[in-house]
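Q: Handing over target-v8.cif, mmCIF, C-alpha atoms.
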```
data_data
#
loop_
_atom_site.label_atom_id
_atom_site.label_comp_id
_atom_site.auth_asym_id
_atom_site.auth_seq_id
_atom_site.Cartn_x
_atom_site.Cartn_y
_atom_site.Cartn_z
CA VAL N 27 -41.20 -12.81 19.20
CA GLY N 28 -41.22 -10.62 22.30
CA VAL N 29 -43.32 -10.84 25.45
CA ARG N 30 -43.87 -8.15 28.10
CA GLU N 31 -41.92 -8.81 31.31
CA ARG N 32 -38.72 -7.75 33.01
CA MET N 33 -36.65 -9.51 35.65
CA ASP N 34 -33.80 -7.65 37.33
CA CYS N 35 -30.33 -9.13 37.86
CA PHE N 36 -31.22 -10.11 41.42
CA GLY N 37 -34.19 -12.22 40.32
CA GLU N 38 -36.86 -9.70 41.29
CA PRO N 39 -39.65 -9.06 38.73
CA LEU N 40 -39.68 -5.37 37.79
CA VAL N 41 -42.49 -5.97 35.27
CA PRO N 42 -44.76 -9.00 35.83
CA LEU N 43 -45.12 -11.45 32.96
CA ASP N 44 -48.04 -10.31 30.81
CA GLY N 45 -50.17 -13.36 30.07
CA GLN N 46 -51.83 -11.86 27.00
CA SER N 47 -48.49 -11.13 25.34
CA VAL N 48 -47.50 -14.78 25.96
CA GLU N 49 -50.77 -15.96 24.37
CA ASP N 50 -50.19 -13.67 21.38
CA ALA N 51 -46.58 -14.77 20.92
CA LEU N 52 -47.38 -18.48 21.13
CA GLY N 53 -50.37 -18.02 18.84
CA HIS N 54 -48.09 -16.37 16.27
CA LEU N 55 -45.59 -19.24 16.46
CA LYS N 56 -48.34 -21.85 16.27
CA ALA N 57 -49.82 -20.16 13.20
CA HIS N 58 -46.44 -20.41 11.50
CA GLY N 59 -46.19 -24.13 12.25
CA VAL N 60 -42.99 -24.03 14.26
CA GLU N 61 -41.54 -27.42 15.20
CA ALA N 62 -39.86 -26.27 18.43
CA VAL N 63 -39.88 -23.24 20.75
CA ALA N 64 -36.83 -21.62 22.37
CA VAL N 65 -37.55 -19.29 25.30
CA CYS N 66 -34.94 -16.78 26.46
CA LEU N 67 -36.13 -13.99 28.76
CA PHE N 68 -33.98 -11.22 30.19
CA ASN N 69 -32.10 -12.21 33.39
CA ALA N 70 -33.91 -15.56 33.51
CA TYR N 71 -30.70 -17.09 34.85
CA ALA N 72 -31.38 -15.23 38.13
CA ASP N 73 -34.97 -16.44 38.45
CA SER N 74 -36.72 -18.86 36.12
CA ARG N 75 -40.36 -18.26 37.12
CA HIS N 76 -41.30 -16.28 34.00
CA GLU N 77 -39.71 -18.80 31.63
CA LEU N 78 -41.36 -21.69 33.44
CA ALA N 79 -44.73 -19.96 33.08
CA VAL N 80 -44.15 -19.53 29.34
CA LYS N 81 -43.10 -23.19 29.06
CA GLU N 82 -46.25 -24.34 30.85
CA ARG N 83 -48.50 -22.24 28.63
CA ALA N 84 -46.66 -23.38 25.49
CA GLY N 85 -47.19 -26.99 26.49
CA ALA N 86 -50.91 -26.37 26.78
CA MET N 87 -51.26 -24.43 23.52
CA MET N 88 -48.80 -26.49 21.43
CA PRO N 89 -48.89 -30.07 22.73
CA GLY N 90 -46.12 -32.29 21.38
CA VAL N 91 -43.89 -29.35 20.38
CA PRO N 92 -40.53 -29.32 22.24
CA VAL N 93 -40.11 -26.22 24.44
CA LEU N 94 -36.56 -25.38 25.57
CA ILE N 95 -36.04 -22.62 28.15
CA SER N 96 -32.71 -20.90 28.73
CA SER N 97 -32.88 -21.17 32.54
CA GLU N 98 -32.75 -24.97 32.15
CA VAL N 99 -30.43 -25.19 29.16
CA LEU N 100 -27.79 -22.62 30.23
CA PRO N 101 -28.53 -20.59 33.40
CA VAL N 102 -25.69 -18.05 32.98
CA ALA N 103 -25.53 -14.27 32.77
CA GLY N 104 -24.34 -14.00 29.16
CA GLU N 105 -27.58 -13.25 27.31
CA TYR N 106 -26.24 -13.85 23.79
CA GLU N 107 -24.65 -17.18 24.69
CA ARG N 108 -27.80 -18.21 26.57
CA ALA N 109 -30.09 -17.30 23.67
CA SER N 110 -27.89 -18.85 20.97
CA THR N 111 -27.37 -22.08 22.92
CA THR N 112 -31.10 -22.42 23.69
CA ALA N 113 -31.97 -21.83 20.03
CA ILE N 114 -29.55 -24.55 18.91
CA HIS N 115 -31.01 -26.98 21.44
CA ALA N 116 -34.49 -26.18 20.10
CA TYR N 117 -33.36 -26.54 16.49
CA VAL N 118 -31.95 -30.01 17.15
CA ALA N 119 -34.80 -31.12 19.43
CA PRO N 120 -37.50 -32.38 16.99
CA GLY N 121 -35.18 -34.66 15.01
CA ALA N 122 -33.30 -35.84 18.08
CA ALA N 123 -36.48 -36.63 20.00
CA SER N 124 -38.14 -38.63 17.22
CA TYR N 125 -34.95 -40.56 16.43
CA LEU N 126 -33.91 -41.36 19.99
CA ASN N 127 -37.42 -42.28 21.14
CA ALA N 128 -37.86 -44.60 18.15
CA LEU N 129 -34.41 -46.12 18.72
CA ASP N 130 -35.14 -46.74 22.40
CA ALA N 131 -38.50 -48.35 21.60
CA GLU N 132 -37.02 -50.54 18.87
CA LEU N 133 -34.17 -51.77 21.08
CA LYS N 134 -36.63 -52.64 23.85
CA SER N 135 -38.85 -54.52 21.40
CA GLN N 136 -35.81 -56.52 20.29
CA GLY N 137 -35.23 -57.61 23.87
CA LEU N 138 -32.51 -55.22 25.06
CA ARG N 139 -32.90 -55.04 28.84
CA ALA N 140 -30.09 -52.54 29.48
CA LYS N 141 -30.79 -48.84 28.99
CA PRO N 142 -28.94 -47.57 25.88
CA LEU N 143 -26.46 -44.74 26.42
CA ILE N 144 -26.00 -41.93 23.90
CA ILE N 145 -22.60 -40.28 23.60
CA GLN N 146 -22.44 -36.49 23.99
CA GLY N 147 -20.21 -33.84 22.46
CA ASN N 148 -18.14 -33.79 25.68
CA GLY N 149 -17.35 -37.51 25.40
CA GLY N 150 -19.68 -38.54 28.22
CA VAL N 151 -22.94 -40.46 27.91
CA LEU N 152 -26.60 -39.92 28.80
CA ASP N 153 -29.66 -42.10 28.50
CA PRO N 154 -32.10 -41.27 25.64
CA GLU N 155 -34.60 -39.55 27.97
CA ARG N 156 -32.09 -37.00 29.25
CA SER N 157 -30.51 -36.65 25.80
CA VAL N 158 -33.91 -35.57 24.45
CA ARG N 159 -34.11 -32.89 27.16
CA ARG N 160 -30.63 -31.57 26.29
CA PRO N 161 -30.37 -32.31 22.56
CA GLY N 162 -27.70 -29.67 21.89
CA MET N 163 -25.30 -31.88 23.84
CA LEU N 164 -25.40 -34.28 20.87
CA VAL N 165 -23.69 -31.75 18.58
CA LEU N 166 -20.24 -33.10 17.56
CA SER N 167 -20.96 -36.35 19.43
CA GLY N 168 -19.65 -38.43 16.52
CA PRO N 169 -16.19 -36.85 16.58
CA ALA N 170 -16.22 -37.09 20.39
CA ALA N 171 -16.90 -40.82 20.10
CA ALA N 172 -13.91 -41.26 17.79
CA THR N 173 -11.70 -39.30 20.21
CA ALA N 174 -12.85 -41.32 23.21
CA ALA N 175 -12.36 -44.59 21.33
CA GLY N 176 -8.90 -43.45 20.22
CA LEU N 177 -7.92 -42.77 23.82
CA GLN N 178 -9.02 -46.27 24.84
CA TYR N 179 -6.90 -47.71 22.03
CA GLY N 180 -3.94 -45.61 23.13
CA LYS N 181 -4.25 -46.91 26.69
CA ALA N 182 -4.37 -50.48 25.38
CA VAL N 183 -1.09 -50.12 23.46
CA GLY N 184 0.62 -47.83 25.97
CA ASP N 185 0.71 -44.72 23.76
CA LEU N 186 -0.97 -41.66 25.27
CA ASN N 187 0.02 -39.01 22.68
CA LEU N 188 -2.38 -39.34 19.77
CA LEU N 189 -3.62 -37.47 16.71
CA ILE N 190 -7.07 -38.82 15.81
CA LEU N 191 -8.46 -38.38 12.31
CA ASP N 192 -12.12 -39.29 11.70
CA MET N 193 -12.94 -39.00 8.00
CA GLY N 194 -16.45 -39.89 6.90
CA GLY N 195 -18.60 -39.00 3.95
CA THR N 196 -19.02 -35.27 4.51
CA SER N 197 -16.25 -34.06 6.81
CA CYS N 198 -13.01 -34.83 8.56
CA ASP N 199 -12.87 -34.32 12.32
CA LEU N 200 -9.49 -34.08 14.02
CA SER N 201 -8.63 -34.19 17.69
CA VAL N 202 -5.62 -34.71 19.93
CA VAL N 203 -4.77 -36.62 23.08
CA VAL N 204 -1.82 -35.26 25.09
CA ASN N 205 -0.34 -37.42 27.84
CA GLY N 206 -3.62 -39.30 28.10
CA ARG N 207 -5.78 -36.18 28.36
CA ILE N 208 -8.20 -34.77 25.80
CA PRO N 209 -8.33 -30.94 25.68
CA THR N 210 -11.81 -29.55 26.26
CA ALA N 211 -13.56 -26.30 25.41
CA ASP N 212 -16.36 -24.38 27.16
CA GLY N 213 -18.12 -23.74 23.87
CA VAL N 214 -18.04 -24.39 20.14
CA GLU N 215 -19.14 -22.54 17.02
CA VAL N 216 -21.47 -24.32 14.63
CA GLU N 217 -21.90 -22.49 11.31
CA GLY N 218 -21.27 -19.19 13.09
CA TYR N 219 -23.65 -19.88 16.00
CA HIS N 220 -22.31 -20.09 19.52
CA LEU N 221 -23.07 -23.26 21.48
CA ALA N 222 -21.99 -22.72 25.09
CA THR N 223 -21.67 -26.30 26.21
CA SER N 224 -18.67 -28.30 27.33
CA SER N 225 -17.16 -30.29 24.48
CA LEU N 226 -13.97 -32.00 23.43
CA GLU N 227 -11.68 -29.88 21.26
CA VAL N 228 -12.39 -30.99 17.70
CA LYS N 229 -11.23 -29.39 14.45
CA THR N 230 -13.69 -30.04 11.62
CA ILE N 231 -13.02 -29.44 7.92
CA GLY N 232 -15.15 -30.10 4.84
CA THR N 233 -13.09 -33.00 3.50
CA GLY N 234 -14.79 -36.38 3.29
CA GLY N 235 -15.45 -39.13 0.81
CA GLY N 236 -18.33 -37.17 -0.70
CA THR N 237 -16.47 -33.84 -0.89
CA ILE N 238 -16.83 -32.31 -4.35
CA ALA N 239 -13.88 -31.38 -6.58
CA PHE N 240 -14.24 -28.53 -9.08
CA VAL N 241 -12.24 -26.12 -11.22
CA ASP N 242 -12.79 -22.51 -10.13
CA PRO N 243 -13.13 -19.54 -12.55
CA GLY N 244 -9.39 -18.91 -12.24
CA GLY N 245 -8.57 -22.41 -13.46
CA MET N 246 -7.52 -23.76 -10.06
CA LEU N 247 -8.51 -27.21 -8.87
CA CYS N 248 -10.41 -27.03 -5.54
CA VAL N 249 -11.66 -29.80 -3.27
CA GLY N 250 -14.45 -28.87 -0.84
CA PRO N 251 -15.97 -27.71 1.31
CA ARG N 252 -19.16 -28.52 -0.62
CA GLY N 253 -20.17 -32.16 -0.50
CA SER N 254 -22.59 -34.49 -2.26
CA GLY N 255 -24.05 -35.71 1.04
CA ALA N 256 -25.43 -39.17 1.61
CA ASP N 257 -27.99 -38.52 -1.12
CA PRO N 258 -27.16 -38.45 -3.99
CA GLY N 259 -23.58 -39.20 -2.88
CA PRO N 260 -20.56 -39.81 -5.13
CA VAL N 261 -21.12 -40.32 -8.85
CA CYS N 262 -19.86 -43.92 -8.70
CA TYR N 263 -22.76 -44.92 -6.42
CA GLY N 264 -25.19 -44.35 -9.29
CA ARG N 265 -27.75 -42.53 -7.14
CA GLY N 266 -27.94 -39.30 -9.10
CA GLY N 267 -24.64 -37.63 -8.19
CA GLU N 268 -23.24 -35.48 -11.00
CA GLU N 269 -20.21 -33.86 -9.37
CA PRO N 270 -16.80 -35.60 -9.01
CA THR N 271 -15.90 -36.45 -5.42
CA VAL N 272 -12.93 -37.76 -3.44
CA THR N 273 -14.50 -41.23 -3.46
CA ASP N 274 -14.75 -41.15 -7.26
CA ALA N 275 -11.08 -40.17 -7.46
CA ASN N 276 -10.03 -43.01 -5.13
CA LEU N 277 -12.02 -45.45 -7.28
CA ILE N 278 -10.31 -44.28 -10.47
CA LEU N 279 -6.93 -44.77 -8.79
CA GLY N 280 -7.78 -48.39 -7.95
CA ARG N 281 -7.93 -47.77 -4.21
CA LEU N 282 -11.52 -48.99 -3.87
CA GLY N 283 -13.07 -52.29 -4.91
CA THR N 284 -15.59 -52.35 -7.73
CA ASP N 285 -17.88 -54.98 -6.23
CA ASP N 286 -21.42 -54.09 -5.17
CA PHE N 287 -21.92 -53.49 -1.46
CA ALA N 288 -24.65 -52.80 1.12
CA GLU N 289 -26.11 -56.21 0.27
CA GLY N 290 -26.33 -55.28 -3.39
CA GLU N 291 -28.21 -52.01 -2.82
CA ILE N 292 -25.31 -49.95 -4.20
CA SER N 293 -23.54 -50.82 -7.45
CA ILE N 294 -20.18 -49.25 -8.22
CA ASP N 295 -20.06 -47.51 -11.61
CA ARG N 296 -16.40 -46.87 -12.40
CA GLU N 297 -17.05 -45.80 -15.99
CA ARG N 298 -19.48 -43.07 -14.94
CA ALA N 299 -17.07 -41.76 -12.29
CA GLU N 300 -14.23 -41.65 -14.83
CA ALA N 301 -16.43 -39.83 -17.37
CA VAL N 302 -17.36 -37.11 -14.88
CA ILE N 303 -13.76 -36.61 -13.74
CA ARG N 304 -12.65 -36.43 -17.39
CA GLN N 305 -15.35 -33.91 -18.32
CA LYS N 306 -15.24 -31.62 -15.27
CA ILE N 307 -11.63 -31.86 -14.06
CA ALA N 308 -9.25 -33.54 -16.52
CA GLU N 309 -10.21 -31.78 -19.77
CA PRO N 310 -10.39 -28.22 -18.32
CA LEU N 311 -6.91 -28.75 -16.81
CA SER N 312 -5.43 -30.70 -19.78
CA LEU N 313 -4.83 -33.78 -17.64
CA SER N 314 -5.60 -37.46 -18.02
CA PRO N 315 -8.38 -38.84 -15.76
CA ILE N 316 -5.73 -40.65 -13.68
CA GLU N 317 -3.71 -37.44 -13.22
CA ALA N 318 -6.88 -35.52 -12.32
CA ALA N 319 -7.90 -38.16 -9.77
CA ARG N 320 -4.42 -38.11 -8.25
CA ALA N 321 -4.58 -34.30 -7.99
CA ILE N 322 -7.98 -34.46 -6.25
CA VAL N 323 -6.64 -36.89 -3.64
CA ARG N 324 -3.47 -34.82 -3.15
CA ILE N 325 -5.49 -31.66 -2.44
CA ALA N 326 -7.83 -33.53 -0.08
CA ASN N 327 -4.78 -34.85 1.75
CA GLN N 328 -3.25 -31.37 1.95
CA ASN N 329 -6.47 -30.03 3.47
CA MET N 330 -6.19 -32.67 6.19
CA ILE N 331 -2.46 -32.11 6.66
CA SER N 332 -3.12 -28.39 7.24
CA ALA N 333 -5.77 -29.27 9.83
CA LEU N 334 -3.41 -31.70 11.55
CA GLU N 335 -0.82 -28.91 11.73
CA MET N 336 -3.40 -26.65 13.40
CA ILE N 337 -3.93 -29.09 16.28
CA SER N 338 -0.25 -30.03 16.58
CA LEU N 339 2.45 -27.62 15.31
CA GLU N 340 0.39 -24.47 15.82
CA LYS N 341 -0.28 -25.55 19.42
CA GLY N 342 3.41 -26.18 20.10
CA ARG N 343 3.11 -29.96 19.74
CA ASP N 344 5.64 -31.91 17.67
CA PRO N 345 3.65 -34.37 15.52
CA ARG N 346 6.62 -36.75 15.53
CA ASP N 347 5.82 -37.40 19.18
CA PHE N 348 2.28 -38.55 18.34
CA THR N 349 0.69 -41.66 16.87
CA LEU N 350 -1.86 -41.06 14.12
CA ILE N 351 -5.11 -43.02 14.51
CA ALA N 352 -7.44 -43.11 11.50
CA ALA N 353 -11.17 -43.68 11.94
CA GLY N 354 -14.32 -43.35 9.88
CA GLY N 355 -15.25 -44.87 6.55
CA ALA N 356 -12.57 -42.98 4.62
CA GLY N 357 -9.89 -42.30 7.26
CA PRO N 358 -7.69 -45.38 6.76
CA LEU N 359 -7.72 -44.80 3.00
CA HIS N 360 -5.72 -41.57 3.42
CA ALA N 361 -3.86 -42.21 6.67
CA SER N 362 -0.58 -43.52 5.22
CA ALA N 363 -0.05 -40.43 3.08
CA LEU N 364 -0.90 -38.14 5.99
CA ALA N 365 1.43 -39.99 8.38
CA GLU N 366 4.27 -39.79 5.86
CA ALA N 367 3.70 -36.05 5.36
#
```
Write out the structure in this file as structure tokens.
A:
Amino acid sequence: VGVRERMDCFGEPLVPLDGQSVEDALGHLKAHGVEAVAVCLFNAYADSRHELAVKERAGAMMPGVPVLISSEVLPVAGEYERASTTAIHAYVAPGAASYLNALDAELKSQGLRAKPLIIQGNGGVLDPERSVRRPGMLVLSGPAAATAAGLQYGKAVGDLNLLILDMGGTSCDLSVVVNGRIPTADGVEVEGYHLATSSLEVKTIGTGGGTIAFVDPGGMLCVGPRGSGADPGPVCYGRGGEEPTVTDANLILGRLGTDDFAEGEISIDRERAEAVIRQKIAEPLSLSPIEAARAIVRIANQNMISALEMISLEKGRDPRDFTLIAAGGAGPLHASALAEA
């Protein structure tokens, strides 16, 4: 939604900010029930007065709604990068704010006297208050945490060349440590959107425990990138999942225990997992359920091997000179095969 104003590249207002256009724009957003507002005005990096005025008015008209302005998020000349980055910060803001504020309050009520620190996508940490103001910095913070932890482990054992594989339920995040240093990037792409913020170099692929296996119209077995998510999750969890996943395949192969876990909240249903793999993978490919499960795991492993090659061989790094560290709920389950490959 546009407003009438124009700032030149030297920070001088060519057209003053029109208050009525701001009122109209914010009224339009409020009527549509937006959960956050991103403000990006032309050349605001040179002078922020117009954006600050919009922020102040938005706070008055839409109390409680996060308002992110580009001159605070990313005060640089590149208008596309500034707008995209501010929009991502605004998109993340409502969920991040409610979660981090609740977490902070709960920890204090439990007697924690120290201020909790939240890891960022660049591997550093911020307190919850500042994290809420810059929520886009939390993007890829999980993989950054695994990378930072891997580096600490490497220092402890005297090995500073590391390949770190963090495989969870939905994705596999891969990073590298070279001579004790983690490569960084000035920006990342998230689903095609540019986030211009410093981050550790992380390669992410859609291969996790909940990644779905399927037979495509050409009769080829594929694994990912679609996933079952935390809800409903793999078929064997008995929470409504109907598509075979990597976790189901590992269960069929005897690589996972069949006991209930999460204090009995989740029961493992091996028979249901085997039935789905038989129906959707084994029978269309004329395989036994065991052969189908083995094929699913092999393809998942190959996806990760290809990603490991991208951060090692394709960057001129010999993987034989590196130690592989596996993290995440599913990482150690596949690490031996990946290390051997």
Q: At a cut-off of 8 Å, using only C-alpha atoms, what residues contact Pro92 of chain N? Leave out same-chain residues fewer than 6 positions from it and give the result as a compact mmCIF listing (two decimals) with C-alpha atoms, in the coordinates of the input.
A:
```
# COMPACT_ATOMS: atom_id res chain seq x y z
CA GLU N 61 -41.54 -27.42 15.20
CA ALA N 62 -39.86 -26.27 18.43
CA VAL N 63 -39.88 -23.24 20.75
CA ALA N 116 -34.49 -26.18 20.10
CA ALA N 119 -34.80 -31.12 19.43
CA PRO N 120 -37.50 -32.38 16.99
```
Q: Using the chain letters and numbering of this document, enumerate as a list in words the residues selected by the PyMOL selection byres ((chain N and resi 166) around 9).
A: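 Output of the PyMOL selection byres ((chain N and resi 166) around 9): Gln146, Gly147, Asn148, Met163, Leu164, Val165, Ser167, Gly168, Pro169, Ala170, Ala171, Ser225, Leu226 and Val228 of chain N.
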Q: Hey, can you check how far atom CA of Phe240 of chain N sits from atom CA of Ile292 of chain N?
A: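 Atom CA of Ile292 of chain N lies 24.6 Å from atom CA of Phe240 of chain N.
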Q: Can you turn the PyMOL selection byres ((chain N and resi 360) around 10) into a concrete residue list for this file, as an NGL selection string?
A: :N and (191 or 193 or 276 or 323-324 or 326-327 or 330 or 352 or 356-359 or 361-365)
Q: Please evaluate the PyMOL selection byres ((chain N and resi 78-90) around 12) against the displayed coordinates and give the resulting residues as a PyMOL selection string.
A: chain N and resi 28-31+42-67+70-71+73-77+91-98+119-120+123-124
Q: Given all atoms listed in the file as the basis, pick out the residue of N:Glu366, N:Glu300, N:Glu268, N:Glu38 nearest to Gly280 of chain N.
A: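 For Gly280 of chain N, the nearest of the candidates is N:Glu300.
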Q: Interatomic distance between atom CA of His220 of chain N and atom CA of Asn69 of chain N?
A: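 Calculated distance between atom CA of His220 of chain N and atom CA of Asn69 of chain N is 18.7 Å.
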Q: Looking at only C-alpha atoms, which of N:Val158, N:Val272, N:Val41, N:Ile208 is the one that sits closest to Gly194 of chain N?
A: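 Using only C-alpha atoms, Gly194 of chain N sits closest to N:Val272.
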Q: Report, in Å with one decimal, the straight-line distance from atom CA of Asp153 of chain N to atom CA of Gly176 of chain N.
A: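 Straight-line distance from atom CA of Asp153 of chain N to atom CA of Gly176 of chain N works out to 22.4 Å.
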Q: Since the input lacks some atoms of segment 87-111 of chain N, please model N, CA and C atoms and print them as a short mmCIF file (atom, residue, chain, number, x, y, z; two decimals), in the coordinates of the input.
A:
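Output file result-v5.cif follows:
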```cif
data_model
loop_
_atom_site.label_atom_id
_atom_site.label_comp_id
_atom_site.auth_asym_id
_atom_site.auth_seq_id
_atom_site.Cartn_x
_atom_site.Cartn_y
_atom_site.Cartn_z
N MET N 87 -50.79 -24.93 24.82
CA MET N 87 -51.26 -24.43 23.52
C MET N 87 -50.69 -25.22 22.35
N MET N 88 -49.49 -25.81 22.53
CA MET N 88 -48.80 -26.49 21.43
C MET N 88 -48.34 -27.87 21.89
N PRO N 89 -49.27 -28.75 22.22
CA PRO N 89 -48.89 -30.07 22.73
C PRO N 89 -48.04 -30.84 21.72
N GLY N 90 -47.01 -31.50 22.24
CA GLY N 90 -46.12 -32.29 21.38
C GLY N 90 -44.97 -31.52 20.78
N VAL N 91 -44.98 -30.18 20.91
CA VAL N 91 -43.89 -29.35 20.38
C VAL N 91 -42.85 -29.17 21.47
N PRO N 92 -41.57 -29.51 21.22
CA PRO N 92 -40.53 -29.32 22.24
C PRO N 92 -40.40 -27.85 22.63
N VAL N 93 -40.29 -27.58 23.93
CA VAL N 93 -40.11 -26.22 24.44
C VAL N 93 -38.85 -26.20 25.29
N LEU N 94 -37.83 -25.47 24.86
CA LEU N 94 -36.56 -25.38 25.57
C LEU N 94 -36.45 -23.99 26.18
N ILE N 95 -36.16 -23.92 27.49
CA ILE N 95 -36.04 -22.62 28.15
C ILE N 95 -34.60 -22.42 28.61
N SER N 96 -34.12 -21.19 28.50
CA SER N 96 -32.71 -20.90 28.73
C SER N 96 -32.30 -21.16 30.18
N SER N 97 -33.23 -20.97 31.13
CA SER N 97 -32.88 -21.17 32.54
C SER N 97 -32.62 -22.64 32.87
N GLU N 98 -33.06 -23.55 31.99
CA GLU N 98 -32.75 -24.97 32.15
C GLU N 98 -31.57 -25.39 31.29
N VAL N 99 -31.49 -24.82 30.09
CA VAL N 99 -30.43 -25.19 29.16
C VAL N 99 -29.08 -24.61 29.58
N LEU N 100 -29.06 -23.29 29.91
CA LEU N 100 -27.79 -22.62 30.23
C LEU N 100 -28.08 -21.44 31.17
N PRO N 101 -28.21 -21.68 32.46
CA PRO N 101 -28.53 -20.59 33.40
C PRO N 101 -27.31 -19.74 33.75
N VAL N 102 -26.84 -18.94 32.78
CA VAL N 102 -25.69 -18.05 32.98
C VAL N 102 -26.05 -16.64 32.57
N ALA N 103 -25.22 -15.68 32.98
CA ALA N 103 -25.53 -14.27 32.77
C ALA N 103 -25.40 -13.82 31.31
N GLY N 104 -24.56 -14.45 30.53
CA GLY N 104 -24.34 -14.00 29.16
C GLY N 104 -25.57 -14.21 28.30
N GLU N 105 -26.28 -13.10 27.98
CA GLU N 105 -27.58 -13.25 27.31
C GLU N 105 -27.42 -13.80 25.89
N TYR N 106 -26.41 -13.34 25.16
CA TYR N 106 -26.24 -13.85 23.79
C TYR N 106 -25.95 -15.34 23.80
N GLU N 107 -25.00 -15.76 24.64
CA GLU N 107 -24.65 -17.18 24.69
C GLU N 107 -25.85 -18.02 25.11
N ARG N 108 -26.62 -17.49 26.08
CA ARG N 108 -27.80 -18.21 26.57
C ARG N 108 -28.85 -18.36 25.47
N ALA N 109 -29.09 -17.26 24.74
CA ALA N 109 -30.09 -17.30 23.67
C ALA N 109 -29.64 -18.21 22.52
N SER N 110 -28.39 -18.06 22.09
CA SER N 110 -27.89 -18.85 20.97
C SER N 110 -27.90 -20.34 21.30
N THR N 111 -27.44 -20.67 22.52
CA THR N 111 -27.37 -22.08 22.92
C THR N 111 -28.77 -22.68 23.02
#
```
